[in-house]
Amino acid sequence: MDVEGVERVANLVSDPRGDTQNRGEAYLLRNFLTARFGRDGWACESLPPEDGETPVDGIFVKERCRKELPAGTTAALTTRHLRKAGQAQFDPRTGRETAGQFESAVRFELVRGR
């Protein structure tokens, strides 16, 4: 039990230190998880970009989703795939694309109680 009356049943977080390819595909884990727990019934909120947040290769994902499951369990899913302020896509000295200058992460929790 983490908090009185609340039990974390599962907690999955993608590794923000993973290599560029794995991190670049981390946001796709969201599709697997929503399919695994049923595509219908998710309450999702797309969050607006903050100052300086931009897409990575044309993709911008910043979203929080929740779904009530049987037996008092709640699934929570947070997905981020973006470039934050100060993360250059190109090296200004060489003009070459810089690898790894973006955030792509998924956090999934199953919580029972409350």
# chains A, B, ... in the order shown; residues from 1 in each chain; ligands from 1
$ select_by_dssp --residues "chain A" --states "strand (DSSP E or B)" --output "ChimeraX atom specification"
/A:3,6-13,43-46,54,56,59,61-69,73-83,90,97,103-113
$ residues_around --residues "Lys84 of chain A" --least-positions-apart "4" --cutoff "10 Å" --atoms "only C-alpha atoms" --output "ChimeraX atom specification"
/A:49-56,88,101-103
$ write_last_selection --atoms "C-alpha atoms" --output "PDB file, in the first residue's frame"
ATOM      1  CA  PRO A  49       2.502  22.662 -25.555  1.00  0.00           C
ATOM      2  CA  GLU A  50       4.350  24.812 -23.069  1.00  0.00           C
ATOM      3  CA  ASP A  51       6.654  27.586 -24.281  1.00  0.00           C
ATOM      4  CA  GLY A  52       9.387  26.079 -26.420  1.00  0.00           C
ATOM      5  CA  GLU A  53       7.882  22.581 -26.743  1.00  0.00           C
ATOM      6  CA  THR A  54       7.814  21.449 -30.365  1.00  0.00           C
ATOM      7  CA  PRO A  55       7.143  18.259 -32.362  1.00  0.00           C
ATOM      8  CA  VAL A  56       9.771  15.588 -32.998  1.00  0.00           C
ATOM      9  CA  ALA A  88      18.189  21.732 -30.558  1.00  0.00           C
ATOM     10  CA  GLN A 101      17.583  15.713 -28.224  1.00  0.00           C
ATOM     11  CA  PHE A 102      13.948  14.923 -27.401  1.00  0.00           C
ATOM     12  CA  GLU A 103      11.713  13.380 -24.758  1.00  0.00           C
TER      13      GLU A 103
END
$ residues_around --residues "segment 5-14 of chain A" --least-positions-apart "5" --cutoff "6 Å" --atoms "only C-alpha atoms" --output "short mmCIF file (atom, residue, chain, number, x, y, z; two decimals) with C-alpha atoms, in the first residue's frame"
data_model
loop_
_atom_site.label_atom_id
_atom_site.label_comp_id
_atom_site.auth_asym_id
_atom_site.auth_seq_id
_atom_site.Cartn_x
_atom_site.Cartn_y
_atom_site.Cartn_z
CA ALA A 105 8.14 8.53 -22.49
CA VAL A 106 5.17 6.52 -21.28
CA ARG A 107 4.04 6.03 -17.70
CA PHE A 108 1.33 3.45 -16.96
CA GLU A 109 -0.17 2.67 -13.56
CA LEU A 110 -2.89 0.38 -12.30
CA VAL A 111 -4.21 1.55 -8.94
CA ARG A 112 -6.78 -0.23 -6.78
CA GLY A 113 -8.74 1.55 -4.07
CA ARG A 114 -10.12 4.95 -3.14
#
$ residues_around --residues "Gly58 of chain A" --least-positions-apart "4" --cutoff "12 Å" --atoms "only C-alpha atoms" --output "list of chain:residue names"
A:Thr54, A:His81, A:Leu82, A:Arg83, A:Gln89
$ closest_residue --among "A:Arg17, A:Thr79, A:Arg30, A:Ala85" --to "Leu47 of chain A" --atoms "only C-alpha atoms"
A:Thr79
$ select_by_dssp --residues "chain A" --states "helix (DSSP H, G or I)" --output "compact mmCIF listing (two decimals) with N, CA, C and O atoms, in the first residue's frame"
# COMPACT_ATOMS: atom_id res chain seq x y z
N THR A 20 18.28 6.22 -28.86
CA THR A 20 17.40 7.10 -29.63
C THR A 20 16.25 6.35 -30.28
O THR A 20 15.12 6.81 -30.25
N GLN A 21 16.51 5.19 -30.87
CA GLN A 21 15.44 4.45 -31.54
C GLN A 21 14.40 3.97 -30.55
O GLN A 21 13.20 4.15 -30.78
N ASN A 22 14.82 3.36 -29.44
CA ASN A 22 13.85 2.87 -28.46
C ASN A 22 13.05 4.01 -27.85
O ASN A 22 11.85 3.90 -27.65
N ARG A 23 13.72 5.11 -27.54
CA ARG A 23 13.01 6.26 -26.98
C ARG A 23 12.07 6.85 -28.01
O ARG A 23 10.96 7.26 -27.69
N GLY A 24 12.51 6.89 -29.25
CA GLY A 24 11.68 7.44 -30.32
C GLY A 24 10.39 6.67 -30.52
O GLY A 24 9.40 7.22 -30.98
N ALA A 26 8.90 4.94 -27.93
CA ALA A 26 8.27 4.72 -26.63
C ALA A 26 6.80 5.12 -26.64
O ALA A 26 5.96 4.43 -26.07
N TYR A 27 6.48 6.22 -27.33
CA TYR A 27 5.09 6.68 -27.32
C TYR A 27 4.15 5.67 -27.97
O TYR A 27 2.95 5.67 -27.71
N LEU A 28 4.68 4.78 -28.81
CA LEU A 28 3.84 3.75 -29.45
C LEU A 28 3.34 2.72 -28.45
O LEU A 28 2.36 2.02 -28.71
N LEU A 29 4.00 2.61 -27.30
CA LEU A 29 3.54 1.70 -26.24
C LEU A 29 2.13 2.05 -25.80
O LEU A 29 1.37 1.19 -25.40
N ARG A 30 1.76 3.32 -25.93
CA ARG A 30 0.40 3.75 -25.59
C ARG A 30 -0.64 2.95 -26.37
O ARG A 30 -1.64 2.52 -25.82
N ASN A 31 -0.39 2.73 -27.65
CA ASN A 31 -1.34 1.98 -28.48
C ASN A 31 -1.53 0.56 -27.97
O ASN A 31 -2.65 0.04 -27.93
N PHE A 32 -0.44 -0.09 -27.59
CA PHE A 32 -0.52 -1.46 -27.06
C PHE A 32 -1.33 -1.47 -25.76
O PHE A 32 -2.19 -2.32 -25.57
N LEU A 33 -1.04 -0.54 -24.86
CA LEU A 33 -1.71 -0.53 -23.56
C LEU A 33 -3.20 -0.23 -23.67
O LEU A 33 -4.01 -0.86 -23.00
N THR A 34 -3.57 0.73 -24.53
CA THR A 34 -4.99 1.01 -24.67
C THR A 34 -5.72 -0.16 -25.33
O THR A 34 -6.86 -0.45 -24.98
N ALA A 35 -5.07 -0.87 -26.23
CA ALA A 35 -5.68 -2.06 -26.83
C ALA A 35 -5.81 -3.17 -25.79
O ALA A 35 -6.83 -3.87 -25.72
N ARG A 36 -4.80 -3.35 -24.98
CA ARG A 36 -4.79 -4.42 -23.96
C ARG A 36 -5.93 -4.26 -22.96
O ARG A 36 -6.54 -5.22 -22.52
N PRO A 70 -12.84 -2.93 -13.85
CA PRO A 70 -13.59 -3.67 -12.83
C PRO A 70 -12.83 -3.78 -11.51
O PRO A 70 -11.61 -3.59 -11.46
N ALA A 71 -13.55 -4.08 -10.46
CA ALA A 71 -12.99 -4.33 -9.13
C ALA A 71 -12.31 -3.09 -8.54
O ALA A 71 -11.34 -3.22 -7.79
N GLY A 72 -12.80 -1.89 -8.89
CA GLY A 72 -12.27 -0.68 -8.29
C GLY A 72 -10.85 -0.32 -8.70
O GLY A 72 -10.15 0.37 -7.98
$ atom_distance --atom1 "atom CA of Ser104 of chain A" --atom2 "atom CA of Asp40 of chain A"
24.3 Å
